[in-house]
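To start, the structure itself, in structure tokens.
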Amino acid sequence: MKKIVFTTLLIAFLLPLQAQLTIEKIMEDPKISVGALPSGIFWSEDSKTVYFNWNPELNKGDSLYGVEIPGGKPYKLSPEQRKSLPANGIYNRDHSKRLYSKNGDLFLLDCATMQERALTNTTEAEYNASFNADETQVLFTRSNNLYSLHIGNGALKQWTNFQTGSPKPEPKANEQEKWLKKDQLALFDVLEKRASDKKEADKNAKSEQPKRPKEIFLDDKRIDDIQLSPDARYVTYRLSVSSKNEKRTIVPSYVTESGFTEDIPARTKVGSIQTSQEFWIYDLQRDTNLQVSTAQLEGISDQPEYLKVYQTAKDSTKTKKTENRKIYFGNLTWSENGQYAVLSARSLDNKDRWILRLEPSTNSFKTLDRLHDEAWVSNNFVALGFLDAGQKIYFQSEADGYAHLYTLDIDTGQKNQLTKGAFEVQNVRLSKDKQFFYLTTNEVHPGEQHYYRMSVTGGERKRLTQKSGAYQVNLSTDETKLAYLYSTPTQPWELFIQDNNPQAQAVQITKSQSPQFQSYSWREPKIVTIRARDGANVYARLYEGKGKNGKKPAVVFVHGAGYLQNAHRWWSTYFREYMFHNFLVDNGYTVLDMDYRGSAGYGRDWRTGIYRYMGDKDLSDHVDGAEWLVNNQGVDPKRIGIYGGSYGGFITLMAMFTTPDVFKSGAALRPVTDWSAYNHGYTANILNEPQTDSIAYRRSSPIYHAEGLKGHLLICHGMIDVNVHFQDAVRLSQRLIELKKENWELAAYPMEDHGFVEPTSWMDEYKRIFKLFERTLK
């Protein structure tokens with residue numbers, strides 16, 4: 001017996017000891033706690049070098065590194081080498097030349113010789129460069145006007161003369177002044193002759209001048225996407241119309257260099273008047289400038305269904321004229337043969353997306369495809385381009401409930417769906433020869449992202465990445481190799497390179513994990529599915545804790561953003577929380593992290609499952625998750641806590657206020673407490689506008705449900721948060737005070753924005769969270 005004990009102790013002594021996790025270690029600078037991970041990969045023009053940002057020396061910031069392919073080792077580029085690299089740009093049709101803007105000047109790269117030619121060297125910036133139809137000239141924008149530069153002889157031409165503001169009115173003479181002038185000319189022959197001579201001279205001088213673009217005044221509108229049609233007849237452009245009287249918020253900053261409280265200018269609130277856009281065509285031949293009407297777009301005057309909730313019986317008997325909804329336009333794209341031009345357009349309420357053909361000769365749009373959604377159309381799947389030199393386009397759409405790839409013949413209107421299934425096509429790239437698509441999809445598993453090659457006609461997709469996890473792929477310029485960042489739940493992103501074929505072996509280029517990270521055996525969370533009360537399957541990460549069955553404490557984590565995915569098989573953006581969950585398991589907790597309703601990666605219905613009611617299905621998914629922990633993991637129903645940040649903080653508040661008997665305690669970090677105080681772009685998609693859908697806002701905002709608080713609540717918020725303002729936490733605090741609630745506390749962080757920066761702030765916040773759970777769940 002003694003020998004067995006001695007042997008066991010000897011083995012335990014000889015084995016390397018696993019480092020003990022602490023909150024201080026977890027919340028240190030990520031370069032120390034995890035490692036300095038690579039990012040921002042791109043290829044050289046000759047596909048022989050991969051460049052990326054990296055910081056293996058643990059300096060204050062990343063540096064640019066390169067690695068020669070094949071067999072090279074990473075090296076740090078000097079400042080001179082960095083400056084000499086070509087910038088991102090566009091290619092001519094045969095990819096022999098690349099055009100780009102760098103430091104405000106234009107450059108042309110010969111891709112065969114790698115010789116760079118400076119086209120401009122000016123104090124004004126040139127941008128939005130492109131080739132003209134026959135590729136003899138470079139088109140670009142300077143000071144909001146369109147120019148062309150001949151590549152051969154350097155001839156410069158100005159195509160437009162857009163001016164800000166309004167034209168100055170010509171001075172008008174009153175009746176007295178008119179009479180005096182007429183009398184003077186009639187009285188004095190010299191005056192009359194000089195006036196006549198000047199008029200004739202001015203006429204002759206004007207006739208001798210070359211034709212210049214006429215002045216077009218923009219008033220107070222902003223111009224962009226100025227383009228010349230391939231036949232050089234039309235200039236198209238987009239104008240943005242902003243509200244003159246929008247009221248913006250401020251965020252006070254208390255700890256400042258000046259010693260005075262300083263105001264940080266911030267955003268507007270949801271429901272403010274939004275910027276809309278107009279599309280214009282300047283016909284150079286006819287010298288006319290006309291706005292393209294959107295009145296003929298299918299459904300442009302349709303009003304959203306939710307408004308019917310607010311109609312009275314009296315309203316329903318009236319015939320009310322509806323106004324056309326305002327529009328936001330995408331960039332215009334011309335076909336290679338110059339015969340077709342397409343662009344996307346969205347209604348400002350985001351309930352419609354149109355793909356349009358521009359017909360400049362008739363100054364009109366033709367609808368090619370309309371996607372309507374009574375909730376909202378996603379802004380994440382926006383690929384649009386020409387498949388060939390002429391009449392066929394490709395685009396993404398959620399028409400069947402998932403983001404898939406489609407083609408459409410402009411002339412015939414024939415639409416073809418290239419991909420189908422309960423998965424998302426998340427990224428699309430067309431090959432140089434326009435014979436293949438390169439796609440990133442999650443068809444293997446919602447929690448994995450892989451890279452595929454598929455014919456432009458559809459059919460079989462060849463999977464080019466094989467290991468479980470996720471891949472952020474950058475295809476080489478010659479399309480023979482892949483460089484990618486790859487990660488798993490326990491292995492952070494590293495750089496790999498492989499040939500462009502399914503059987504290729506990948507070569508790892510970087511090894512970035514810090515010694516501290518390597519000293520701990522990180523758990524891989526199980527991906528489980530939990531049946532919700534309405535029959536839906538909710539994916540979740542499970543960190544299994546040990547303990548007596550029926551007595552285990554548990555913590556439910558709620559990821560932020562709403563539309564974000566965290567129950568996946570790659571390295572999480574919530575890496576601090578991932579490490580904290582390992583720490584919680586070390587301390588006896590079971591942890592559940594759910595991709596609740598509204599999360600990304602699961603299609604349209606999942607995304608819009610929170611429409612007009614945040615805190616409904618997204619919350620009930622977590623309540624069902626808590627019940628699943630009790631029934632399947634031996635968790636004590638009286639020992640369950642919940643926490644999360646931003647949207648996760650909002651759900652935590654709704655859980656503590658509206659399901660107070662499910663969660664014993666909760667930590668709400670930087671939470672939205674009243675959705676009418678948040679921004680427009682995010683909130684109006686989900687809840688419409690507070691002045692038109694007050695029901696949605698009232699039932700979705702925690703501040704209206706605070707009387708339900710029973711358990712223990714911790715609120716943590718950065719005081720210079722320009723996203724979810726600290727005002728949210730202050731207003732909720734006043735509400736809790738007036739309700740005479742006592743089991744809550746607020747921790748304020750004077751120098752932190754929405755995403756904390758200082759390790760000491762992270763440490764303080766998570767020590768408070770841990771103490772809350774230790775005090776209330778054990």
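Each chain in the structure tokens gets a letter, A, B, ..., in the order shown, and its residues are numbered from 1; ligands are numbered from 1 in order too.
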Go through range 267-377 of chain A and flag each residue having an atom no more than 12 Å from range 117-135 of chain A; for those, report the closest pair of atoms plus their distance in Å to one decimal, using only C-alpha atoms, ordered by chain and rising number, as CSV.
```
residue,atom,partner,partner_atom,distance
A:Asn331,CA,A:Asn128,CA,11.6
A:Thr333,CA,A:Ser130,CA,11.7
A:Trp334,CA,A:Ala133,CA,10.0
A:Ser335,CA,A:Ala133,CA,10.1
A:Glu336,CA,A:Ala133,CA,7.8
A:Asn337,CA,A:Ala133,CA,8.3
A:Gly338,CA,A:Ala133,CA,7.5
A:Gln339,CA,A:Ala133,CA,11.2
```
Fewer than 5 positions away in the same chain doesn't count, so skip those; otherwise give me all residues within 9 Å of range 245-258 of chain A, counting only C-alpha atoms, as a ChimeraX atom specification. /A:263-269,272-274,719-722,725-727,750-751
Take the residues from that selection and put them in a file with N, CA and C atoms, as a CSV table (one decimal), in the first residue's frame.
```csv
chain,number,residue,atom,x,y,z
A,263,ASP,N,-17.2,67.1,-22.9
A,263,ASP,CA,-18.3,66.4,-23.6
A,263,ASP,C,-17.7,65.7,-24.9
A,264,ILE,N,-18.1,64.4,-25.0
A,264,ILE,CA,-17.7,63.7,-26.3
A,264,ILE,C,-19.0,63.7,-27.2
A,265,PRO,N,-18.9,64.3,-28.4
A,265,PRO,CA,-20.0,64.2,-29.3
A,265,PRO,C,-20.3,62.8,-29.6
A,266,ALA,N,-21.6,62.4,-29.6
A,266,ALA,CA,-22.0,61.1,-29.9
A,266,ALA,C,-23.1,61.0,-30.9
A,267,ARG,N,-23.8,59.9,-30.9
A,267,ARG,CA,-24.8,59.6,-32.0
A,267,ARG,C,-26.1,60.2,-31.8
A,268,THR,N,-27.0,60.0,-32.7
A,268,THR,CA,-28.4,60.3,-32.6
A,268,THR,C,-29.1,59.1,-31.9
A,269,LYS,N,-30.4,59.3,-31.6
A,269,LYS,CA,-31.2,58.2,-31.0
A,269,LYS,C,-32.1,57.6,-32.1
A,272,SER,N,-34.7,59.2,-35.1
A,272,SER,CA,-34.3,60.5,-35.6
A,272,SER,C,-34.4,60.5,-37.2
A,273,ILE,N,-34.5,61.6,-37.8
A,273,ILE,CA,-34.6,61.7,-39.3
A,273,ILE,C,-33.3,61.1,-39.9
A,274,GLN,N,-33.4,60.1,-40.8
A,274,GLN,CA,-32.3,59.5,-41.3
A,274,GLN,C,-31.9,60.0,-42.7
A,719,MET,N,-18.2,54.7,-18.3
A,719,MET,CA,-18.9,56.0,-18.2
A,719,MET,C,-18.7,56.8,-19.5
A,720,ILE,N,-17.7,56.4,-20.3
A,720,ILE,CA,-17.5,57.1,-21.6
A,720,ILE,C,-17.9,56.2,-22.8
A,721,ASP,N,-18.9,55.4,-22.5
A,721,ASP,CA,-19.4,54.5,-23.5
A,721,ASP,C,-20.2,55.3,-24.6
A,722,VAL,N,-19.7,55.3,-25.8
A,722,VAL,CA,-20.4,56.1,-26.8
A,722,VAL,C,-21.3,55.2,-27.7
A,725,HIS,N,-24.9,54.2,-23.9
A,725,HIS,CA,-24.5,55.3,-23.1
A,725,HIS,C,-24.7,55.0,-21.6
A,726,PHE,N,-23.8,55.5,-20.8
A,726,PHE,CA,-23.8,55.4,-19.3
A,726,PHE,C,-25.2,55.9,-18.8
A,727,GLN,N,-25.8,56.8,-19.5
A,727,GLN,CA,-27.1,57.3,-19.1
A,727,GLN,C,-28.1,56.1,-19.0
A,750,PRO,N,-14.9,55.0,-15.0
A,750,PRO,CA,-14.8,56.4,-15.5
A,750,PRO,C,-14.0,56.5,-16.8
A,751,MET,N,-13.1,55.6,-17.1
A,751,MET,CA,-12.3,55.8,-18.3
A,751,MET,C,-12.5,54.7,-19.4
```
Can you tell me, as a VMD selection string, which residues in range 480-595 of chain A count as strand (DSSP E or B) by DSSP? chain A and resid 481 to 487 494 to 499 507 to 508 513 526 to 531 537 to 543 552 to 558 590 to 594
In Å to one decimal, how far is CA of Tyr402 in chain A from CA of Asp605 in chain A? 8.5 Å
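When only C-alpha atoms are used to measure the gap to Ser344 in chain A, the shortest distance among A:Leu297, A:Val270, A:Ala389, A:Leu629 belongs to A:Leu297.
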Report the residues of range 8-252 of chain A whose backbone DSSP state falls under helix (DSSP H, G or I), written as a VMD selection string. chain A and resid 8 to 14 23 to 26 30 to 33 79 to 84 175 to 187 189 to 208
Any idea what's packed within 8 Å of range 531-535 of chain A, counting only C-alpha atoms, ignoring anything in its chain fewer than 3 positions away? Could you give it as an NGL selection string? :A and (538 or 620-621 or 624-625)
I want to know what sits within 9 Å of Tyr310 in chain A, based on only C-alpha atoms, with residues of the same chain fewer than 3 positions away left out; could you give that as an MDAnalysis selection string? chainID A and resid 306:307 692:693
Let's have the selection written as a PDB file, in the first residue's frame, with C-alpha atoms.
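Result went into again.pdb, see below:
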```
ATOM      1  CA  TYR A 306     -47.114  46.478 -37.984  1.00  0.00           C
ATOM      2  CA  LEU A 307     -48.842  49.827 -38.543  1.00  0.00           C
ATOM      3  CA  THR A 692     -44.640  54.556 -34.658  1.00  0.00           C
ATOM      4  CA  ASP A 693     -44.332  51.298 -32.654  1.00  0.00           C
TER       5      ASP A 693
END
```
Please report, as a Markdown table, each residue of range 11-85 of chain A lying at most 6 Å from range 509-524 of chain A, together with the nearest pair of atoms and the separation in Å rounded to one decimal; use only C-alpha atoms, and order rows by chain and ascending residue number.
```
| residue | atom | partner | partner_atom | distance |
| --- | --- | --- | --- | --- |
| A:Gln18 | CA | A:Tyr520 | CA | 5.5 |
| A:Ala19 | CA | A:Tyr520 | CA | 5.5 |
| A:Ile32 | CA | A:Ser514 | CA | 6.0 |
| A:Ser33 | CA | A:Phe517 | CA | 5.8 |
| A:Val34 | CA | A:Phe517 | CA | 5.2 |
| A:Gly35 | CA | A:Ser514 | CA | 4.4 |
| A:Ala36 | CA | A:Ser512 | CA | 5.8 |
| A:Leu37 | CA | A:Ser512 | CA | 5.6 |
```
Mind dumping a table of every range 644-707 of chain A residue within 10 Å of range 632-640 of chain A, with the nearest atom pair and its distance in Å to one decimal, using only C-alpha atoms, sorted by chain and rising number, as a tab-separated table?
```
residue	atom	partner	partner_atom	distance
A:Asp661	CA	A:Lys638	CA	8.4
A:Val662	CA	A:Pro637	CA	7.3
A:Phe663	CA	A:Ile640	CA	5.3
A:Lys664	CA	A:Ile640	CA	5.8
A:Ser665	CA	A:Ile640	CA	7.3
A:Gly666	CA	A:Ile640	CA	9.0
```
Print the selection's residues with N, CA, C and O atoms to a file, as a CSV table (one decimal), in the first residue's frame.
```csv
chain,number,residue,atom,x,y,z
A,661,ASP,N,-37.8,34.1,-10.9
A,661,ASP,CA,-37.7,32.9,-10.1
A,661,ASP,C,-36.7,31.8,-10.8
A,661,ASP,O,-36.5,30.8,-10.2
A,662,VAL,N,-36.2,32.2,-12.0
A,662,VAL,CA,-35.4,31.2,-12.7
A,662,VAL,C,-33.9,31.5,-12.3
A,662,VAL,O,-33.1,30.5,-12.1
A,663,PHE,N,-33.5,32.8,-12.2
A,663,PHE,CA,-32.1,33.1,-12.0
A,663,PHE,C,-31.9,33.8,-10.7
A,663,PHE,O,-32.6,34.8,-10.4
A,664,LYS,N,-31.0,33.2,-9.9
A,664,LYS,CA,-30.8,33.7,-8.5
A,664,LYS,C,-30.1,35.0,-8.5
A,664,LYS,O,-30.4,35.9,-7.7
A,665,SER,N,-29.2,35.2,-9.5
A,665,SER,CA,-28.4,36.4,-9.6
A,665,SER,C,-28.0,36.7,-11.0
A,665,SER,O,-28.0,35.8,-11.8
A,666,GLY,N,-27.7,37.9,-11.3
A,666,GLY,CA,-27.3,38.3,-12.6
A,666,GLY,C,-26.3,39.5,-12.7
A,666,GLY,O,-26.4,40.4,-11.8
```
Need to verify the contact set: Ser361 in chain A, 10 Å, only C-alpha atoms, exclusion of same-chain residues closer than 4 positions in sequence. Can you return it as a list in words? Arg233, Tyr234, Ile281 and Asp283 of chain A
Just to be explicit: take each residue in the selection above, keep N, CA and C atoms, and write the result as a PDB file, in the first residue's frame.
```
ATOM      1  N   ARG A 233     -20.959  59.092 -72.333  1.00  0.00           N
ATOM      2  CA  ARG A 233     -22.072  60.023 -72.550  1.00  0.00           C
ATOM      3  C   ARG A 233     -22.694  60.492 -71.235  1.00  0.00           C
ATOM      4  N   TYR A 234     -22.723  59.622 -70.236  1.00  0.00           N
ATOM      5  CA  TYR A 234     -23.434  59.936 -68.994  1.00  0.00           C
ATOM      6  C   TYR A 234     -22.481  59.957 -67.809  1.00  0.00           C
ATOM      7  N   ILE A 281     -28.487  61.492 -63.086  1.00  0.00           N
ATOM      8  CA  ILE A 281     -27.773  61.273 -64.348  1.00  0.00           C
ATOM      9  C   ILE A 281     -27.540  62.624 -65.018  1.00  0.00           C
ATOM     10  N   ASP A 283     -26.497  63.997 -68.445  1.00  0.00           N
ATOM     11  CA  ASP A 283     -26.338  63.645 -69.854  1.00  0.00           C
ATOM     12  C   ASP A 283     -25.423  64.684 -70.497  1.00  0.00           C
TER      13      ASP A 283
END
```
Counting only C-alpha atoms, what is within 10 Å of Ile26 in chain A, bar same-chain residues fewer than 2 positions away, as a ChimeraX atom specification? /A:21-24,28-30,32-34,516-517,575-580,583,759,762-763,766
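When the distance limit is 8 Å and only C-alpha atoms are what count, the residues near Gln163 in chain A, minus those fewer than 3 positions from it on the same chain, are Ser166, Glu215, Ile216, Phe217 and Leu218 of chain A.
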